[in-house]
Amino acid sequence: MLTTWRAPGGSEELAIRFGDDGGPRLLVLPAWFDESNKTRHFTVETMRLLAERGVASVLPDLPGCNESMAELTEQTFGSWREAAMAAAKHFECTHVLAMRAGVNISPDLPGFAYAPLAGKSVLRALLRARTLAAKEAGRPETTETLLQTGKVEGLELAGYYLGAAMVADLAEAVLAPSSLVPLDPGGQLLWLRAEPEHNPKQAAALADLIAKGMVA
Amino acid sequence: MTTNPSASVAQPHDTDTILRAILRDVLGLSDERVAELDADSGLFGHIPEFDSMAVAGLLTEVEDRCDILIEDDEVDGDMLETYGALLTFVNAKRAAG
């Protein structure tokens with residue numbers, strides 16, 4: 001279940017493991033920031049259902065996220081990409097499942113993308129949430145100004161303190177052509193939910209698609 | 001270009017369906033509740049969980065699915081206050097785009 005691994009930056013990170021050793025193993029890259037909270041239950045439940053279907057999987061904490069002691073402000077696409085690669089190697093993963101923005105740092109493994117989201121779009125939604133809240137509070141900010149400042153000084157968005165390099169990486173990141181197979185289990189888009197919620201039927205549908213894809 | 005979006009023949013007919021589907025996901029409404037939304041149904045400022053983060057997610061999803069870009073200065077309380085106001089805004093954006 002809970003285990004640890006060391007990220008290239010030196011931090012010891014937690015990971016959740018499901019399933020037996022020996023067979024193929026799926027590296028699960030979580031959604032980012034607020035979406036990570038909203039989809040975590042769904043993600044972990046999908047992994048548990050995958051184990052029932054004979055597919056082992058591991059969900060590592062990215063440095064600076066979840067239980068990680070590393071500083072989020074110091075993270076970049078590069079550090080997360082290296083961390084994803086290191087986790088894949090450490091846990092001997094054969095496939096990857098990239099949830100949402102996880103696709104931006106996916107290592108070179110065959111696998112799947114669940115509702116892939118470009119870094120650019122992640123930043124757009126976070127900036128919009130901040131400008132909306134600021135407008136409501138009567139101290140308007142503009143996306144343009146926030147972005148300029150963010151690229152130099154870093155930025156607090158939805159409670160996440162992002163360093164300047166991360167803001168710049170997000171701003172530039174479009175969805176690159178990928179060999180990952182996009183999966184659509186149908187159902188509600190849980191990352192949009194105002195309050196985190198789980199959907200067992202949807203998790204089962206996703207687990208079925210992955211289990212089928214891994215033996216194909 | 002018309003200034004009255006409801007009179008525009010270029011108005012895409014599926015905006016209503018798309019918006020209801022996104023609101024269903026954002027607010028976790030049942031299909032029945034979503035079908036009951038009418039032009040006067042209150043949104044921003046009327047539903048507690050419809051906060052700035054939820055609105056940001058909704059608008060970004062609308063942009064993706066309707067292939068439009070919504071600027072900062074177009075987003076205000078009026079356009080988000082009721083379902084009818086939001087529908088009119090998105091329809092006008094789509095017709096203009």
# chains A, B, ... in the order shown; residues from 1 in each chain; ligands from 1

$ select_by_dssp --residues "chain A" --states "strand (DSSP E or B)" --output "number ranges by chain"
A: 2-6, 12-18, 25-29, 56-60, 95-99, 111-114, 155-157, 160-162, 181-183

$ interface_residues --of "chain B" --to "chain A" --cutoff "9 Å" --atoms "only C-alpha atoms" --output "list in words"
Ala21, Ile22, Leu23, Arg24, Asp25, Val26, Leu27, Gly28, Glu49, Phe50, Asp51, Ser52, Met53, Ala54, Val55, Ala56, Gly57, Leu58, Leu59, Thr60, Glu61, Asp72, Asp73, Val75, Asp76 and Gly77 of chain B

$ write_last_selection --atoms "N, CA, C and O atoms" --output "short mmCIF file (atom, residue, chain, number, x, y, z; two decimals), in the first residue's frame"
data_model
loop_
_atom_site.label_atom_id
_atom_site.label_comp_id
_atom_site.auth_asym_id
_atom_site.auth_seq_id
_atom_site.Cartn_x
_atom_site.Cartn_y
_atom_site.Cartn_z
N ALA B 21 -24.85 20.43 -19.48
CA ALA B 21 -23.97 19.30 -19.15
C ALA B 21 -22.82 19.76 -18.25
O ALA B 21 -22.46 19.09 -17.28
N ILE B 22 -22.25 20.93 -18.56
CA ILE B 22 -21.13 21.43 -17.74
C ILE B 22 -21.62 21.79 -16.34
O ILE B 22 -20.98 21.48 -15.34
N LEU B 23 -22.78 22.45 -16.25
CA LEU B 23 -23.33 22.82 -14.94
C LEU B 23 -23.65 21.58 -14.11
O LEU B 23 -23.46 21.56 -12.89
N ARG B 24 -24.12 20.53 -14.77
CA ARG B 24 -24.39 19.27 -14.09
C ARG B 24 -23.11 18.77 -13.42
O ARG B 24 -23.12 18.38 -12.25
N ASP B 25 -22.00 18.83 -14.16
CA ASP B 25 -20.73 18.34 -13.64
C ASP B 25 -20.15 19.25 -12.57
O ASP B 25 -19.62 18.79 -11.57
N VAL B 26 -20.26 20.56 -12.77
CA VAL B 26 -19.70 21.50 -11.81
C VAL B 26 -20.45 21.42 -10.48
O VAL B 26 -19.84 21.40 -9.41
N LEU B 27 -21.77 21.38 -10.55
CA LEU B 27 -22.58 21.44 -9.33
C LEU B 27 -23.04 20.07 -8.86
O LEU B 27 -23.65 19.95 -7.81
N GLY B 28 -22.71 19.03 -9.61
CA GLY B 28 -23.11 17.69 -9.21
C GLY B 28 -24.62 17.52 -9.18
O GLY B 28 -25.16 16.87 -8.29
N GLU B 49 -21.84 26.66 -3.41
CA GLU B 49 -20.65 25.97 -3.91
C GLU B 49 -20.20 26.49 -5.27
O GLU B 49 -19.16 26.09 -5.77
N PHE B 50 -20.99 27.37 -5.88
CA PHE B 50 -20.60 27.94 -7.16
C PHE B 50 -19.66 29.12 -6.89
O PHE B 50 -20.01 30.27 -7.05
N ASP B 51 -18.43 28.80 -6.45
CA ASP B 51 -17.47 29.84 -6.06
C ASP B 51 -16.56 30.18 -7.24
O ASP B 51 -16.76 29.69 -8.36
N SER B 52 -15.56 31.01 -6.99
CA SER B 52 -14.71 31.49 -8.08
C SER B 52 -13.97 30.35 -8.78
O SER B 52 -13.81 30.35 -9.99
N MET B 53 -13.56 29.35 -7.98
CA MET B 53 -12.86 28.21 -8.56
C MET B 53 -13.79 27.42 -9.49
O MET B 53 -13.41 27.00 -10.59
N ALA B 54 -15.02 27.22 -9.03
CA ALA B 54 -16.01 26.48 -9.83
C ALA B 54 -16.37 27.25 -11.10
O ALA B 54 -16.49 26.67 -12.18
N VAL B 55 -16.50 28.57 -10.96
CA VAL B 55 -16.81 29.40 -12.13
C VAL B 55 -15.66 29.34 -13.13
O VAL B 55 -15.87 29.22 -14.34
N ALA B 56 -14.43 29.40 -12.61
CA ALA B 56 -13.25 29.35 -13.50
C ALA B 56 -13.22 28.03 -14.27
O ALA B 56 -12.97 28.02 -15.47
N GLY B 57 -13.51 26.94 -13.57
CA GLY B 57 -13.56 25.64 -14.24
C GLY B 57 -14.65 25.60 -15.30
O GLY B 57 -14.43 25.13 -16.41
N LEU B 58 -15.80 26.15 -14.95
CA LEU B 58 -16.93 26.17 -15.88
C LEU B 58 -16.58 26.97 -17.15
O LEU B 58 -16.77 26.49 -18.27
N LEU B 59 -16.03 28.17 -16.97
CA LEU B 59 -15.74 29.02 -18.13
C LEU B 59 -14.66 28.40 -19.01
O LEU B 59 -14.73 28.46 -20.25
N THR B 60 -13.66 27.77 -18.38
CA THR B 60 -12.59 27.15 -19.16
C THR B 60 -13.12 25.96 -19.95
O THR B 60 -12.76 25.75 -21.11
N GLU B 61 -14.03 25.22 -19.34
CA GLU B 61 -14.65 24.09 -20.04
C GLU B 61 -15.54 24.58 -21.19
O GLU B 61 -15.56 23.99 -22.27
N ASP B 72 -11.08 38.46 -19.63
CA ASP B 72 -11.27 38.90 -18.24
C ASP B 72 -12.41 39.90 -18.09
O ASP B 72 -13.27 39.75 -17.23
N ASP B 73 -12.39 40.93 -18.96
CA ASP B 73 -13.34 42.02 -18.76
C ASP B 73 -14.76 41.66 -19.18
O ASP B 73 -15.69 42.43 -19.01
N VAL B 75 -16.11 38.87 -18.04
CA VAL B 75 -16.64 38.06 -16.94
C VAL B 75 -17.07 38.98 -15.80
O VAL B 75 -16.26 39.68 -15.21
N ASP B 76 -18.35 39.00 -15.52
CA ASP B 76 -18.82 39.77 -14.36
C ASP B 76 -20.03 39.09 -13.73
O ASP B 76 -20.53 38.09 -14.23
N GLY B 77 -20.45 39.65 -12.63
CA GLY B 77 -21.55 39.08 -11.86
C GLY B 77 -22.84 38.95 -12.66
O GLY B 77 -23.57 37.97 -12.54
#

$ atom_distance --atom1 "CA of Glu74 (chain A)" --atom2 "CA of Val58 (chain A)"
24.1 Å

$ atom_distance --atom1 "CA of Met47 (chain A)" --atom2 "CA of Phe77 (chain A)"
24.7 Å

$ residues_around --residues "Arg94 (chain B)" --least-positions-apart "2" --cutoff "8 Å" --atoms "only C-alpha atoms" --output "CSV table (one decimal) with all heavy atoms, in the first residue's frame"
chain,number,residue,atom,x,y,z
B,11,GLN,N,-26.7,31.4,-34.6
B,11,GLN,CA,-26.6,30.9,-33.2
B,11,GLN,C,-26.6,29.4,-33.2
B,11,GLN,O,-27.5,28.7,-33.6
B,11,GLN,CB,-27.9,31.4,-32.5
B,11,GLN,CG,-27.9,31.0,-31.0
B,11,GLN,CD,-29.2,31.5,-30.4
B,11,GLN,OE1,-29.8,30.7,-29.8
B,11,GLN,NE2,-29.5,32.7,-30.6
B,12,PRO,N,-25.5,28.8,-32.6
B,12,PRO,CA,-25.4,27.4,-32.6
B,12,PRO,C,-26.5,26.8,-31.6
B,12,PRO,O,-26.7,27.4,-30.6
B,12,PRO,CB,-24.0,27.1,-32.0
B,12,PRO,CG,-23.3,28.4,-32.1
B,12,PRO,CD,-24.3,29.5,-32.0
B,66,CYS,N,-16.9,25.0,-26.7
B,66,CYS,CA,-17.6,25.9,-27.7
B,66,CYS,C,-16.6,26.6,-28.6
B,66,CYS,O,-17.0,27.4,-29.5
B,66,CYS,CB,-18.4,26.9,-27.0
B,66,CYS,SG,-19.8,26.2,-26.0
B,67,ASP,N,-15.3,26.3,-28.4
B,67,ASP,CA,-14.2,26.9,-29.2
B,67,ASP,C,-14.3,28.5,-29.2
B,67,ASP,O,-14.3,29.1,-30.3
B,67,ASP,CB,-14.3,26.4,-30.6
B,67,ASP,CG,-12.9,26.6,-31.4
B,67,ASP,OD1,-11.9,26.7,-30.7
B,67,ASP,OD2,-13.0,26.6,-32.6
B,68,ILE,N,-14.4,29.0,-28.0
B,68,ILE,CA,-14.4,30.5,-27.9
B,68,ILE,C,-13.4,30.9,-26.9
B,68,ILE,O,-12.9,30.1,-26.1
B,68,ILE,CB,-15.8,31.0,-27.5
B,68,ILE,CG1,-16.3,30.3,-26.2
B,68,ILE,CG2,-16.9,30.8,-28.6
B,68,ILE,CD1,-17.6,30.9,-25.6
B,90,VAL,N,-22.9,33.2,-23.9
B,90,VAL,CA,-22.1,32.2,-24.6
B,90,VAL,C,-22.6,32.1,-26.1
B,90,VAL,O,-21.9,32.0,-27.0
B,90,VAL,CB,-22.2,30.8,-23.9
B,90,VAL,CG1,-21.5,29.7,-24.8
B,90,VAL,CG2,-21.6,30.9,-22.6
B,91,ASN,N,-23.9,32.2,-26.3
B,91,ASN,CA,-24.5,32.2,-27.6
B,91,ASN,C,-24.0,33.4,-28.4
B,91,ASN,O,-23.6,33.2,-29.6
B,91,ASN,CB,-26.0,32.3,-27.5
B,91,ASN,CG,-26.7,30.9,-27.7
B,91,ASN,OD1,-26.1,30.0,-28.4
B,91,ASN,ND2,-27.8,30.7,-27.1
B,92,ALA,N,-23.9,34.6,-27.8
B,92,ALA,CA,-23.4,35.7,-28.5
B,92,ALA,C,-22.0,35.6,-28.9
B,92,ALA,O,-21.5,35.9,-30.0
B,92,ALA,CB,-23.6,37.0,-27.6
B,96,ALA,N,-20.5,35.4,-32.7
B,96,ALA,CA,-19.5,36.4,-33.1
B,96,ALA,C,-18.2,35.7,-33.6
B,96,ALA,O,-17.5,36.2,-34.4
B,96,ALA,CB,-19.2,37.3,-31.9
B,97,GLY,N,-17.9,34.5,-33.0
B,97,GLY,CA,-16.7,33.8,-33.3
B,97,GLY,C,-16.8,33.1,-34.6
B,97,GLY,O,-15.9,32.7,-35.2

$ select_by_dssp --residues "region 33-212 of chain A" --states "helix (DSSP H, G or I)" --output "ChimeraX atom specification"
/A:34-52,72-74,77-90,100-105,119-136,143-153,164-172,190-192,200-212

$ atom_distance --atom1 "CA of Glu45 (chain A)" --atom2 "CA of Pro177 (chain A)"
28.6 Å
